[in-house]
>>> print(open('work-v3.txt').read())   # compact mmCIF, C-alpha atoms and all ligand atoms
# COMPACT_ATOMS: atom_id res chain seq x y z
CA MET A 170 75.58 -119.22 34.70
CA ASN A 171 73.85 -117.47 31.79
CA ILE A 172 70.77 -115.26 32.07
CA VAL A 173 68.30 -118.09 31.38
CA THR A 174 69.70 -120.23 34.21
CA LYS A 175 69.88 -117.19 36.49
CA MET A 176 66.24 -116.23 35.93
CA LYS A 177 65.10 -119.81 36.51
CA HIS A 178 67.21 -120.24 39.59
CA ASP A 179 66.17 -116.90 41.19
CA TRP A 180 62.45 -117.20 40.50
CA ASP A 181 62.37 -120.83 41.66
CA ARG A 182 64.02 -119.76 44.91
CA ARG A 183 61.46 -116.97 45.39
CA ALA A 184 58.53 -119.26 44.60
CA GLN A 185 59.86 -121.78 47.12
CA HIS A 186 60.15 -119.12 49.81
CA HIS A 187 56.61 -117.74 49.64
CA THR A 188 54.87 -117.88 46.28
CA ARG A 189 52.08 -115.37 46.89
CA TYR A 190 54.46 -112.77 48.36
CA TRP A 191 56.78 -112.73 45.36
CA ILE A 192 53.83 -112.57 42.96
CA ALA A 193 51.60 -109.97 44.60
CA THR A 194 53.60 -108.33 47.36
CA GLU A 195 50.73 -106.16 48.56
CA ASP A 196 48.10 -108.90 48.42
CA TYR A 197 49.82 -112.01 49.69
CA LYS A 198 48.43 -112.34 53.20
CA ASN A 199 45.88 -115.05 52.42
CA GLU A 200 44.46 -116.87 49.43
CA ALA A 201 41.23 -114.86 49.38
CA VAL A 202 43.03 -111.50 49.20
CA PHE A 203 45.41 -112.89 46.60
CA ALA A 204 42.51 -114.23 44.50
CA GLU A 205 40.68 -110.88 44.69
CA SER A 206 43.77 -109.07 43.42
CA GLY A 207 43.80 -111.47 40.44
CA GLN A 208 40.17 -110.63 39.75
CA ARG A 209 40.99 -106.90 39.67
CA THR A 210 43.89 -107.41 37.29
CA ALA A 211 41.71 -109.59 35.04
CA ASP A 212 38.97 -106.93 35.03
CA ALA A 213 41.55 -104.30 34.13
CA ILE A 214 42.74 -106.41 31.17
CA VAL A 215 39.22 -106.81 29.82
CA ALA A 216 38.65 -103.07 30.35
CA ALA A 217 41.89 -102.29 28.50
CA LEU A 218 40.78 -104.38 25.52
CA GLY A 219 37.56 -102.34 25.47
CA PRO A 220 35.71 -102.57 22.16
CA TYR A 221 38.28 -105.03 20.74
CA TYR A 222 37.37 -107.75 23.28
CA LYS A 223 36.01 -111.05 21.96
CA LYS A 224 35.13 -114.05 24.09
CA ALA A 225 36.15 -116.41 21.27
CA TRP A 226 39.79 -115.35 21.58
CA ILE A 227 42.81 -117.45 22.48
CA GLY A 228 45.27 -115.61 24.73
CA LEU A 229 48.75 -116.00 26.15
CA ASP A 230 49.95 -114.81 29.59
CA ILE A 231 53.73 -114.19 29.75
CA GLY A 232 55.19 -114.57 33.25
CA CYS A 233 51.95 -116.06 34.56
CA GLY A 234 53.28 -117.13 37.97
CA ILE A 235 50.81 -119.60 39.49
CA GLY A 236 47.94 -118.23 37.41
CA ARG A 237 46.64 -115.44 39.67
CA VAL A 238 45.24 -113.62 36.62
CA LEU A 239 44.63 -116.66 34.39
CA LYS A 240 42.05 -118.05 36.79
CA PRO A 241 39.54 -115.15 36.80
CA LEU A 242 40.32 -114.29 33.18
CA SER A 243 39.42 -117.83 32.08
CA PHE A 244 35.71 -116.91 32.33
CA HIS A 245 36.19 -114.22 29.69
CA PHE A 246 37.96 -116.18 26.94
CA ARG A 247 37.75 -119.41 24.99
CA GLN A 248 41.26 -120.55 25.79
CA LEU A 249 44.22 -119.19 27.73
CA ILE A 250 47.80 -120.40 27.97
CA GLY A 251 50.30 -119.23 30.59
CA VAL A 252 54.07 -119.45 30.41
CA ASP A 253 56.68 -118.81 33.06
CA VAL A 254 60.44 -119.17 33.34
CA SER A 255 60.11 -120.81 36.77
CA ALA A 256 59.42 -124.54 36.99
CA GLU A 257 58.34 -124.04 40.60
CA MET A 258 55.71 -121.43 39.64
CA ILE A 259 54.38 -123.68 36.89
CA MET A 260 54.24 -126.66 39.23
CA LYS A 261 52.19 -124.61 41.71
CA SER A 262 49.98 -123.27 38.93
CA LYS A 263 48.71 -126.82 38.36
CA THR A 264 47.14 -126.75 41.84
CA TRP A 265 45.92 -123.14 41.71
CA LEU A 266 44.28 -123.74 38.31
CA GLN A 267 42.94 -127.20 39.00
CA GLY A 268 39.52 -127.84 37.43
CA ILE A 269 39.74 -124.98 34.92
CA PRO A 270 39.47 -126.74 31.56
CA ASN A 271 40.35 -123.86 29.23
CA VAL A 272 43.69 -122.89 30.85
CA THR A 273 47.07 -124.61 30.43
CA THR A 274 50.48 -123.54 31.70
CA PHE A 275 54.03 -124.33 30.56
CA GLU A 276 57.53 -123.72 31.79
CA THR A 277 59.48 -121.98 29.03
CA SER A 278 63.05 -120.80 28.51
CA GLY A 279 62.29 -117.25 29.71
CA VAL A 280 63.54 -115.69 26.50
CA ASP A 281 61.37 -117.09 23.72
CA LEU A 282 58.01 -118.61 22.82
CA LYS A 283 59.43 -121.42 20.69
CA ILE A 284 56.78 -123.90 21.79
CA PHE A 285 54.10 -121.92 19.92
CA PRO A 286 53.55 -121.76 16.17
CA TYR A 287 53.37 -118.56 14.11
CA ARG A 288 50.17 -116.47 14.35
CA HIS A 289 48.57 -118.65 17.01
CA PHE A 290 47.16 -116.11 19.50
CA ASP A 291 44.54 -113.39 19.25
CA PHE A 292 46.06 -111.53 22.16
CA VAL A 293 49.01 -111.70 24.53
CA TYR A 294 49.15 -110.07 27.96
CA SER A 295 51.66 -109.63 30.74
CA TYR A 296 51.45 -108.05 34.18
CA VAL A 297 54.35 -107.22 36.55
CA ALA A 298 56.63 -109.58 34.63
CA PHE A 299 58.24 -107.54 31.81
CA GLN A 300 59.28 -104.92 34.36
CA HIS A 301 61.63 -107.43 36.04
CA MET A 302 63.29 -108.68 32.87
CA PRO A 303 66.66 -107.42 31.64
CA ARG A 304 66.11 -105.14 28.65
CA PRO A 305 67.39 -107.58 25.97
CA VAL A 306 64.96 -110.22 27.30
CA PHE A 307 62.02 -107.84 26.98
CA ASP A 308 63.15 -106.91 23.44
CA ARG A 309 63.34 -110.58 22.50
CA TYR A 310 59.87 -111.22 23.87
CA LEU A 311 58.47 -108.39 21.74
CA GLU A 312 59.89 -110.12 18.65
CA GLU A 313 58.48 -113.45 19.73
CA ILE A 314 55.09 -111.93 20.49
CA ASN A 315 55.07 -110.45 17.01
CA ARG A 316 55.66 -113.96 15.68
CA VAL A 317 52.98 -115.77 17.71
CA LEU A 318 50.27 -113.10 17.36
CA LYS A 319 47.78 -113.19 14.52
CA ASN A 320 47.78 -110.18 12.23
CA GLN A 321 46.14 -107.22 14.02
CA GLY A 322 46.45 -109.20 17.27
CA LEU A 323 46.76 -107.26 20.52
CA LEU A 324 49.41 -107.03 23.21
CA VAL A 325 48.10 -105.81 26.59
CA PHE A 326 50.94 -105.15 28.96
CA GLN A 327 52.14 -103.32 32.02
CA ILE A 328 55.54 -101.66 32.11
CA PRO A 329 56.71 -98.76 34.29
CA ILE A 330 57.11 -95.58 32.28
CA GLY A 331 59.80 -93.15 33.38
CA ASN A 332 63.48 -92.46 33.58
CA GLN A 333 65.41 -94.47 36.14
CA PRO A 334 68.91 -95.93 35.97
CA ASP A 335 68.92 -99.46 34.55
CA ALA A 336 69.87 -102.47 36.68
CA PRO A 337 72.64 -104.93 35.79
CA MET A 338 71.72 -107.81 33.49
CA GLU A 339 71.98 -110.43 36.26
CA ASP A 340 69.43 -108.66 38.47
CA THR A 341 66.28 -110.67 37.80
CA ILE A 342 63.90 -108.65 39.96
CA ALA A 343 64.93 -104.98 39.75
CA VAL A 344 62.09 -102.87 38.38
CA ARG A 345 63.11 -101.45 35.02
CA PHE A 346 61.57 -98.26 33.71
CA TYR A 347 61.13 -97.32 30.06
CA ASP A 348 61.10 -93.85 28.69
CA TYR A 349 57.87 -93.44 26.71
CA HIS A 350 59.69 -92.64 23.46
CA GLU A 351 62.12 -95.51 23.92
CA LEU A 352 59.18 -97.85 24.38
CA ASN A 353 57.31 -96.45 21.41
CA THR A 354 60.36 -96.94 19.19
CA LYS A 355 60.91 -100.48 20.48
CA LEU A 356 57.31 -101.36 19.68
CA LYS A 357 57.44 -99.78 16.21
CA ASP A 358 60.69 -101.58 15.40
CA ARG A 359 59.02 -104.85 16.31
CA GLY A 360 55.90 -104.32 14.25
CA PHE A 361 53.55 -102.85 16.88
CA GLU A 362 51.65 -99.64 17.28
CA LEU A 363 50.36 -98.36 20.62
CA ILE A 364 46.64 -97.94 20.29
CA GLU A 365 45.20 -97.25 23.69
CA VAL A 366 46.07 -96.36 27.24
CA THR A 367 43.64 -97.20 30.03
CA LYS A 368 43.63 -95.02 33.04
CA LYS A 369 42.56 -97.82 35.35
CA HIS A 370 44.80 -99.11 38.08
CA ALA A 371 45.18 -102.85 37.54
CA GLY A 372 45.53 -103.57 41.22
CA SER A 373 42.79 -101.31 42.57
CA PRO A 374 39.01 -101.34 42.48
CA GLN A 375 37.69 -100.78 39.00
CA GLY A 376 37.28 -97.19 37.99
CA ARG A 377 39.79 -95.71 40.41
CA GLU A 378 42.02 -93.33 38.53
CA LEU A 379 45.76 -93.87 38.47
CA ARG A 380 47.81 -91.81 40.86
CA HIS A 381 50.93 -92.78 38.97
CA GLU A 382 51.59 -94.66 35.77
CA PHE A 383 53.18 -97.70 37.33
CA HIS A 384 50.50 -100.36 36.95
CA GLN A 385 48.59 -99.13 33.96
CA PHE A 386 48.03 -101.34 30.95
CA LEU A 387 49.19 -100.30 27.51
CA VAL A 388 47.66 -101.84 24.41
CA ALA A 389 49.66 -102.34 21.22
CA GLN A 390 48.49 -103.85 17.96
CA LYS A 391 50.53 -106.00 15.59
CA ILE A 392 50.72 -104.00 12.39
CA THR A 393 53.44 -105.85 10.47
CA THR A 394 55.32 -109.13 10.71
CA ILE A 395 59.01 -108.62 11.45
CA ARG A 396 62.18 -110.61 11.05
CA PRO A 397 63.70 -111.39 14.44
CA ASP A 398 67.12 -110.06 15.39
CA ILE A 399 69.53 -112.98 15.17
CA ASN A 400 72.14 -111.19 17.26
CA VAL A 401 71.54 -112.89 20.61
CA GLY A 402 75.11 -113.28 21.91
CA TRP A 403 73.95 -111.83 25.27
CA LEU A 404 72.08 -115.10 25.86
CA GLN A 405 75.33 -116.98 26.46
CA ALA A 406 77.13 -114.25 28.40
CA GLU A 407 78.19 -115.24 31.90
CA CYS A 408 76.09 -113.58 34.63
CA ARG A 409 78.03 -112.37 37.62
CA GLU A 410 76.93 -113.59 41.04
CA ARG A 411 75.92 -110.18 42.33
CA THR A 412 73.10 -109.76 44.81
CA SER A 413 70.09 -107.68 43.98
CA PHE A 414 69.16 -104.79 46.24
CA LEU A 415 65.42 -105.32 45.73
CA ASP A 416 65.66 -109.07 46.28
CA THR A 417 67.38 -108.55 49.64
CA HIS A 418 65.02 -105.74 50.60
CA MET A 419 62.01 -107.94 49.89
CA TYR A 420 63.26 -110.79 52.07
CA LEU A 421 63.98 -108.35 54.89
CA SER A 422 60.55 -106.74 54.69
CA PHE A 423 58.85 -110.13 54.60
CA ALA A 424 60.71 -111.13 57.76
CA GLU A 425 59.80 -107.79 59.38
CA ASN A 426 56.11 -108.40 58.58
CA CYS A 427 56.39 -111.85 60.16
CA LEU A 428 57.87 -110.35 63.31
CA ASN A 429 55.13 -107.71 63.46
CA GLN A 430 52.60 -110.52 63.33
CA GLY A 431 54.43 -112.47 66.02
CA ASP A 432 55.56 -115.21 63.63
CA GLN A 433 59.19 -115.54 64.69
CA GLU A 434 59.58 -119.00 63.14
CA GLU A 435 58.78 -117.70 59.67
CA ALA A 436 61.03 -114.68 60.19
CA ILE A 437 63.93 -116.95 61.19
CA HIS A 438 63.30 -119.16 58.16
CA THR A 439 63.31 -116.08 55.90
CA TYR A 440 66.56 -114.62 57.33
CA GLU A 441 68.19 -118.03 56.93
CA GLN A 442 67.01 -118.33 53.34
CA LEU A 443 68.28 -114.86 52.51
CA LEU A 444 71.66 -115.56 54.07
CA THR A 445 72.16 -118.71 52.02
CA HIS A 446 72.33 -116.62 48.85
CA ASN A 447 73.32 -113.24 50.28
CA PRO A 448 75.72 -113.67 53.21
CA ASP A 449 76.65 -109.99 52.75
CA SER A 450 73.40 -108.86 54.35
CA LEU A 451 74.64 -107.75 57.78
CA GLU A 452 71.10 -106.69 58.61
CA ALA A 453 69.87 -110.26 58.12
CA TRP A 454 72.63 -111.73 60.31
CA LEU A 455 71.99 -109.28 63.13
CA LYS A 456 68.22 -109.53 63.00
CA LEU A 457 68.41 -113.31 62.94
CA ALA A 458 70.68 -113.32 65.99
CA THR A 459 68.35 -110.86 67.77
CA VAL A 460 65.25 -112.98 67.16
CA LEU A 461 67.08 -116.09 68.34
CA ILE A 462 68.18 -114.32 71.53
CA ASP A 463 64.60 -113.05 72.07
CA ARG A 464 63.35 -116.62 71.84
CA GLY A 465 66.01 -117.79 74.26
CA ASN A 466 67.75 -119.88 71.55
CA ILE A 467 71.15 -118.79 72.82
CA ASP A 468 73.09 -121.68 71.28
CA GLN A 469 71.63 -120.95 67.86
CA ALA A 470 72.32 -117.22 68.31
CA VAL A 471 75.94 -118.01 69.20
CA SER A 472 76.23 -120.20 66.15
CA THR A 473 74.70 -117.46 63.94
CA LEU A 474 77.06 -114.81 65.29
CA THR A 475 79.99 -117.20 64.87
CA ASP A 476 79.01 -117.71 61.23
CA LEU A 477 78.75 -113.94 60.88
CA THR A 478 82.26 -113.41 62.24
CA HIS A 479 83.53 -116.00 59.75
CA ALA A 480 81.67 -114.40 56.84
CA HIS A 481 82.76 -110.88 57.89
CA PRO A 482 85.98 -111.21 59.92
CA ASN A 483 86.54 -107.45 59.89
CA TYR A 484 83.13 -106.60 61.30
CA ARG A 485 84.25 -105.79 64.84
CA ALA A 486 80.73 -105.20 66.21
CA ALA A 487 79.87 -108.84 65.48
CA HIS A 488 82.89 -110.09 67.44
CA ARG A 489 81.94 -107.87 70.39
CA THR A 490 78.30 -109.02 70.31
CA LEU A 491 79.42 -112.64 70.15
CA ASP A 492 81.80 -112.17 73.10
CA ASN A 493 79.03 -110.55 75.14
CA LEU A 494 76.65 -113.34 74.32
CA LEU A 495 79.19 -115.99 75.24
CA GLN A 496 79.81 -114.20 78.51
CA THR A 497 76.08 -113.99 79.24
CA ARG A 498 75.64 -117.65 78.44
CA GLN A 499 78.49 -118.56 80.75
CA ASN A 500 76.88 -116.54 83.54
CA ILE A 501 73.54 -118.27 83.01
CA GLU A 502 75.00 -121.75 82.73
CA PRO A 503 78.34 -121.63 84.56
CA THR A 504 79.00 -125.34 84.08
CA GLN A 505 78.79 -125.19 80.29
CA SER A 506 81.87 -124.25 78.33
CA PRO A 507 81.39 -121.95 75.32
CA THR A 508 81.24 -123.66 71.94
CA GLY A 509 81.56 -121.67 68.73
C1 LIG A 601 55.72 -110.62 40.09
S1 LIG A 601 55.38 -112.17 39.36
C2 LIG A 601 53.83 -111.85 38.54
C3 LIG A 601 53.09 -113.10 38.14
C4 LIG A 601 51.80 -112.86 37.35
N1 LIG A 601 52.04 -112.09 36.16
C5 LIG A 601 50.76 -112.19 38.20
O1 LIG A 601 50.51 -110.99 38.00
O2 LIG A 601 50.19 -112.84 39.06
C6 LIG A 601 56.56 -112.21 38.02
C7 LIG A 601 56.53 -113.53 37.30
O3 LIG A 601 57.30 -113.41 36.10
C8 LIG A 601 58.04 -114.59 35.93
N2 LIG A 601 59.19 -114.27 35.08
C9 LIG A 601 60.28 -113.53 35.40
N3 LIG A 601 61.11 -113.46 34.34
C10 LIG A 601 60.51 -114.16 33.35
C11 LIG A 601 60.87 -114.46 32.00
N4 LIG A 601 62.01 -114.02 31.48
N5 LIG A 601 60.02 -115.20 31.26
C12 LIG A 601 58.85 -115.68 31.78
N6 LIG A 601 58.48 -115.45 33.05
C13 LIG A 601 59.29 -114.68 33.82
C14 LIG A 601 58.42 -115.01 37.35
O4 LIG A 601 58.78 -116.36 37.44
C15 LIG A 601 57.13 -114.68 38.09
O5 LIG A 601 56.26 -115.77 38.09
>>> encode(input="work-v3.txt", output="structure tokens")
Amino acid sequence: MNIVTKMKHDWDRRAQHHTRYWIATEDYKNEAVFAESGQRTADAIVAALGPYYKKAWIGLDIGCGIGRVLKPLSFHFRQLIGVDVSAEMIMKSKTWLQGIPNVTTFETSGVDLKIFPYRHFDFVYSYVAFQHMPRPVFDRYLEEINRVLKNQGLLVFQIPIGNQPDAPMEDTIAVRFYDYHELNTKLKDRGFELIEVTKKHAGSPQGRELRHEFHQFLVAQKITTIRPDINVGWLQAECRERTSFLDTHMYLSFAENCLNQGDQEEAIHTYEQLLTHNPDSLEAWLKLATVLIDRGNIDQAVSTLTDLTHAHPNYRAAHRTLDNLLQTRQNIEPTQSPTG
């Protein structure tokens, strides 16, 4: 599996699990809260453009998800187009954006903007999408944005600034930080110049100052047209099947939230989903078994613990828990013989 397939596969899986959660983790609870968060991000984009803003512009959203930002931003511009690597996100965007005539969305490869001609857009924006991309993918997008932007066109984007260890290429959700000078050099090499930094938090009420630099928008202007780097061997490199720490953590916290709200069904569904692609998560196995026992689904709990002992034969605690459970079940239903 190469990086394109991996990004598509992972983001489709997340969108299928719970679209709003994987898009706006702090604002996913219901559609109204989710929509309001989109409004705030849209306001922050217009504020970041400041005196450059023109309603007549045509804009592009990279990593648009289901169109959380496209929807409120559509009132501010003539035409907007959204692209996303995930077919599932784009499919759901058709519903979320229904009835908005000046917005269109497309599934793209996740590494280029081939479907668009040269110098097509007045501005390009991206929010909480570049931060998840492997570095070479972000670099490639900068080249492509240079190509599809008109001369002097603007790029409004969010990227975490700071020094943190990088994540492996195959991790499609880890948050990647960029040292300010590294970013500046990248932009210069790809024909851009940083022109403005807004101090507004994209996800908070307008005017609130940033406490940290995580969600701020940067604005860069296309100064020159560049020749793209043709060295893209990394595109075909095989991605290892390694699980992502953040991906697992996010499933676990979603399930925990469900339990706190008394929604055991959704928690069970989430643990099961996580275990299908990360059977190494002992926490998920144990929590799943615990919820099943709590609900009195002893047979299912036995089957879960049996699967756990098969997936992790050396995990002695699982064998002990399974034995205890089998014993308890036998005591409750003495006529039934243990399965599993
Ligand atoms: C956290 S969501 C944010 C969605 C949207 N920007 C918003 O703020 O509502 C990240 C989005 O980026 C998309 N994405 C991830 N990698 C991508 C890539 N290489 N190219 C295009 N989209 C990508 C994901 O599918 C997902 O929809």
>>> closest_atom_pairs(input="work-v3.txt", of="range 375-432 of chain A", to="range 348-367 of chain A", cutoff="7 Å", atoms="only C-alpha atoms", output="tab-separated table")
residue	atom	partner	partner_atom	distance
A:Gln385	CA	A:Thr367	CA	6.6
A:Phe386	CA	A:Thr367	CA	6.1
A:Leu387	CA	A:Val366	CA	5.0
A:Val388	CA	A:Glu365	CA	5.3
A:Ala389	CA	A:Leu363	CA	4.1
A:Gln390	CA	A:Phe361	CA	5.3
A:Lys391	CA	A:Phe361	CA	4.6
A:Ile392	CA	A:Phe361	CA	5.4
A:Thr393	CA	A:Gly360	CA	4.8
A:Thr394	CA	A:Gly360	CA	6.0
A:Ile395	CA	A:Gly360	CA	6.0
>>> atom_distance(input="work-v3.txt", atom1="CA of Lys175 in chain A", atom2="CA of Leu451 in chain A")
23.8 Å
>>> axis_aligned_box(input="work-v3.txt", around="ligand LIG 601 (chain A)", padding_each_side="3 Å", output="lines of an AutoDock Vina configuration file")
center_x = 56.1
center_y = -113.5
center_z = 35.7
size_x = 17.8
size_y = 11.7
size_z = 14.8
>>> closest_residue(input="work-v3.txt", among="A:Leu311, A:Val471, A:Val280, A:Val317", to="ligand LIG 601 (chain A)", atoms="only C-alpha atoms and all ligand atoms")
A:Val280
>>> closest_residue(input="work-v3.txt", among="A:Ala217, A:His289, A:Ala298, A:Ser206", to="ligand LIG 601 (chain A)", atoms="all atoms listed in the file")
A:Ala298
>>> residues_near_ligand(input="work-v3.txt", ligand="ligand LIG 601 (chain A)", cutoff="9 Å", atoms="only C-alpha atoms and all ligand atoms", output="PyMOL selection string")
chain A and resi 172-173+176-177+179-181+183-184+188-194+203+206-207+210+230-239+252-259+276-281+294-303+306-307+310+341-342
>>> write_last_selection(input="work-v3.txt", atoms="C-alpha atoms", output="short mmCIF file (atom, residue, chain, number, x, y, z; two decimals), in the frame of the given file")
data_model
loop_
_atom_site.label_atom_id
_atom_site.label_comp_id
_atom_site.auth_asym_id
_atom_site.auth_seq_id
_atom_site.Cartn_x
_atom_site.Cartn_y
_atom_site.Cartn_z
CA ILE A 172 70.77 -115.26 32.07
CA VAL A 173 68.30 -118.09 31.38
CA MET A 176 66.24 -116.23 35.93
CA LYS A 177 65.10 -119.81 36.51
CA ASP A 179 66.17 -116.90 41.19
CA TRP A 180 62.45 -117.20 40.50
CA ASP A 181 62.37 -120.83 41.66
CA ARG A 183 61.46 -116.97 45.39
CA ALA A 184 58.53 -119.26 44.60
CA THR A 188 54.87 -117.88 46.28
CA ARG A 189 52.08 -115.37 46.89
CA TYR A 190 54.46 -112.77 48.36
CA TRP A 191 56.78 -112.73 45.36
CA ILE A 192 53.83 -112.57 42.96
CA ALA A 193 51.60 -109.97 44.60
CA THR A 194 53.60 -108.33 47.36
CA PHE A 203 45.41 -112.89 46.60
CA SER A 206 43.77 -109.07 43.42
CA GLY A 207 43.80 -111.47 40.44
CA THR A 210 43.89 -107.41 37.29
CA ASP A 230 49.95 -114.81 29.59
CA ILE A 231 53.73 -114.19 29.75
CA GLY A 232 55.19 -114.57 33.25
CA CYS A 233 51.95 -116.06 34.56
CA GLY A 234 53.28 -117.13 37.97
CA ILE A 235 50.81 -119.60 39.49
CA GLY A 236 47.94 -118.23 37.41
CA ARG A 237 46.64 -115.44 39.67
CA VAL A 238 45.24 -113.62 36.62
CA LEU A 239 44.63 -116.66 34.39
CA VAL A 252 54.07 -119.45 30.41
CA ASP A 253 56.68 -118.81 33.06
CA VAL A 254 60.44 -119.17 33.34
CA SER A 255 60.11 -120.81 36.77
CA ALA A 256 59.42 -124.54 36.99
CA GLU A 257 58.34 -124.04 40.60
CA MET A 258 55.71 -121.43 39.64
CA ILE A 259 54.38 -123.68 36.89
CA GLU A 276 57.53 -123.72 31.79
CA THR A 277 59.48 -121.98 29.03
CA SER A 278 63.05 -120.80 28.51
CA GLY A 279 62.29 -117.25 29.71
CA VAL A 280 63.54 -115.69 26.50
CA ASP A 281 61.37 -117.09 23.72
CA TYR A 294 49.15 -110.07 27.96
CA SER A 295 51.66 -109.63 30.74
CA TYR A 296 51.45 -108.05 34.18
CA VAL A 297 54.35 -107.22 36.55
CA ALA A 298 56.63 -109.58 34.63
CA PHE A 299 58.24 -107.54 31.81
CA GLN A 300 59.28 -104.92 34.36
CA HIS A 301 61.63 -107.43 36.04
CA MET A 302 63.29 -108.68 32.87
CA PRO A 303 66.66 -107.42 31.64
CA VAL A 306 64.96 -110.22 27.30
CA PHE A 307 62.02 -107.84 26.98
CA TYR A 310 59.87 -111.22 23.87
CA THR A 341 66.28 -110.67 37.80
CA ILE A 342 63.90 -108.65 39.96
#
>>> residues_around(input="work-v3.txt", residues="Lys456 in chain A", least_positions_apart="4", cutoff="12 Å", atoms="all atoms listed in the file", output="ChimeraX atom specification")
/A:421-422,424-425,428,433,436-441,443-444,450-452,460-463,470,473-474,477,487
>>> atom_distance(input="work-v3.txt", atom1="CA of Ile314 in chain A", atom2="CA of Met170 in chain A")
26.0 Å
>>> atom_distance(input="work-v3.txt", atom1="CA of Glu205 in chain A", atom2="CA of Pro270 in chain A")
20.6 Å
>>> closest_residue(input="work-v3.txt", among="A:Thr174, A:Asn315, A:Asp449, A:Phe326", to="Val215 in chain A", atoms="only C-alpha atoms")
A:Phe326
>>> residues_near_point(input="work-v3.txt", point="(76.1, -119.4, 28.4)", cutoff="8 Å", atoms="all atoms listed in the file", output="VMD selection string")
chain A and resid 170 to 172 404 to 407
>>> residues_around(input="work-v3.txt", residues="Trp226 in chain A", least_positions_apart="5", cutoff="9 Å", atoms="all atoms listed in the file", output="PyMOL selection string")
chain A and resi 245-249+290-292
>>> closest_residue(input="work-v3.txt", among="A:Leu282, A:Ala213, A:Met338, A:Met419", to="Val325 in chain A", atoms="only C-alpha atoms")
A:Ala213
>>> build_atoms(input="work-v3.txt", residues="range 312-328 of chain A", atoms="N, CA and C atoms", output="JSON list (two decimals), keeping the file's coordinate frame")
[["chain", "number", "residue", "atom", "x", "y", "z"],
["A", 312, "GLU", "N", 59.74, -109.47, 19.96],
["A", 312, "GLU", "CA", 59.89, -110.12, 18.65],
["A", 312, "GLU", "C", 59.09, -111.42, 18.59],
["A", 313, "GLU", "N", 59.19, -112.17, 19.68],
["A", 313, "GLU", "CA", 58.48, -113.45, 19.73],
["A", 313, "GLU", "C", 56.97, -113.25, 19.75],
["A", 314, "ILE", "N", 56.53, -112.20, 20.43],
["A", 314, "ILE", "CA", 55.09, -111.93, 20.49],
["A", 314, "ILE", "C", 54.60, -111.56, 19.09],
["A", 315, "ASN", "N", 55.42, -110.79, 18.39],
["A", 315, "ASN", "CA", 55.07, -110.45, 17.01],
["A", 315, "ASN", "C", 54.88, -111.73, 16.19],
["A", 316, "ARG", "N", 55.72, -112.70, 16.43],
["A", 316, "ARG", "CA", 55.66, -113.96, 15.68],
["A", 316, "ARG", "C", 54.41, -114.78, 16.02],
["A", 317, "VAL", "N", 54.09, -114.87, 17.32],
["A", 317, "VAL", "CA", 52.98, -115.77, 17.71],
["A", 317, "VAL", "C", 51.60, -115.11, 17.64],
["A", 318, "LEU", "N", 51.57, -113.78, 17.46],
["A", 318, "LEU", "CA", 50.27, -113.10, 17.36],
["A", 318, "LEU", "C", 49.74, -113.17, 15.94],
["A", 319, "LYS", "N", 48.41, -113.29, 15.84],
["A", 319, "LYS", "CA", 47.78, -113.19, 14.52],
["A", 319, "LYS", "C", 47.91, -111.75, 14.02],
["A", 320, "ASN", "N", 47.73, -111.55, 12.75],
["A", 320, "ASN", "CA", 47.78, -110.18, 12.23],
["A", 320, "ASN", "C", 46.71, -109.34, 12.91],
["A", 321, "GLN", "N", 47.04, -108.13, 13.27],
["A", 321, "GLN", "CA", 46.14, -107.22, 14.02],
["A", 321, "GLN", "C", 45.90, -107.67, 15.46],
["A", 322, "GLY", "N", 46.60, -108.72, 15.89],
["A", 322, "GLY", "CA", 46.45, -109.20, 17.27],
["A", 322, "GLY", "C", 46.92, -108.14, 18.27],
["A", 323, "LEU", "N", 46.49, -108.31, 19.52],
["A", 323, "LEU", "CA", 46.76, -107.26, 20.52],
["A", 323, "LEU", "C", 47.71, -107.73, 21.63],
["A", 324, "LEU", "N", 48.53, -106.80, 22.06],
["A", 324, "LEU", "CA", 49.41, -107.03, 23.21],
["A", 324, "LEU", "C", 48.96, -106.07, 24.31],
["A", 325, "VAL", "N", 48.54, -106.63, 25.44],
["A", 325, "VAL", "CA", 48.10, -105.81, 26.59],
["A", 325, "VAL", "C", 49.14, -105.99, 27.66],
["A", 326, "PHE", "N", 49.82, -104.93, 28.04],
["A", 326, "PHE", "CA", 50.94, -105.15, 28.96],
["A", 326, "PHE", "C", 51.16, -103.98, 29.90],
["A", 327, "GLN", "N", 51.78, -104.33, 31.03],
["A", 327, "GLN", "CA", 52.14, -103.32, 32.02],
["A", 327, "GLN", "C", 53.66, -103.17, 31.99],
["A", 328, "ILE", "N", 54.10, -101.93, 32.03],
["A", 328, "ILE", "CA", 55.54, -101.66, 32.11],
["A", 328, "ILE", "C", 55.68, -100.26, 32.75]]
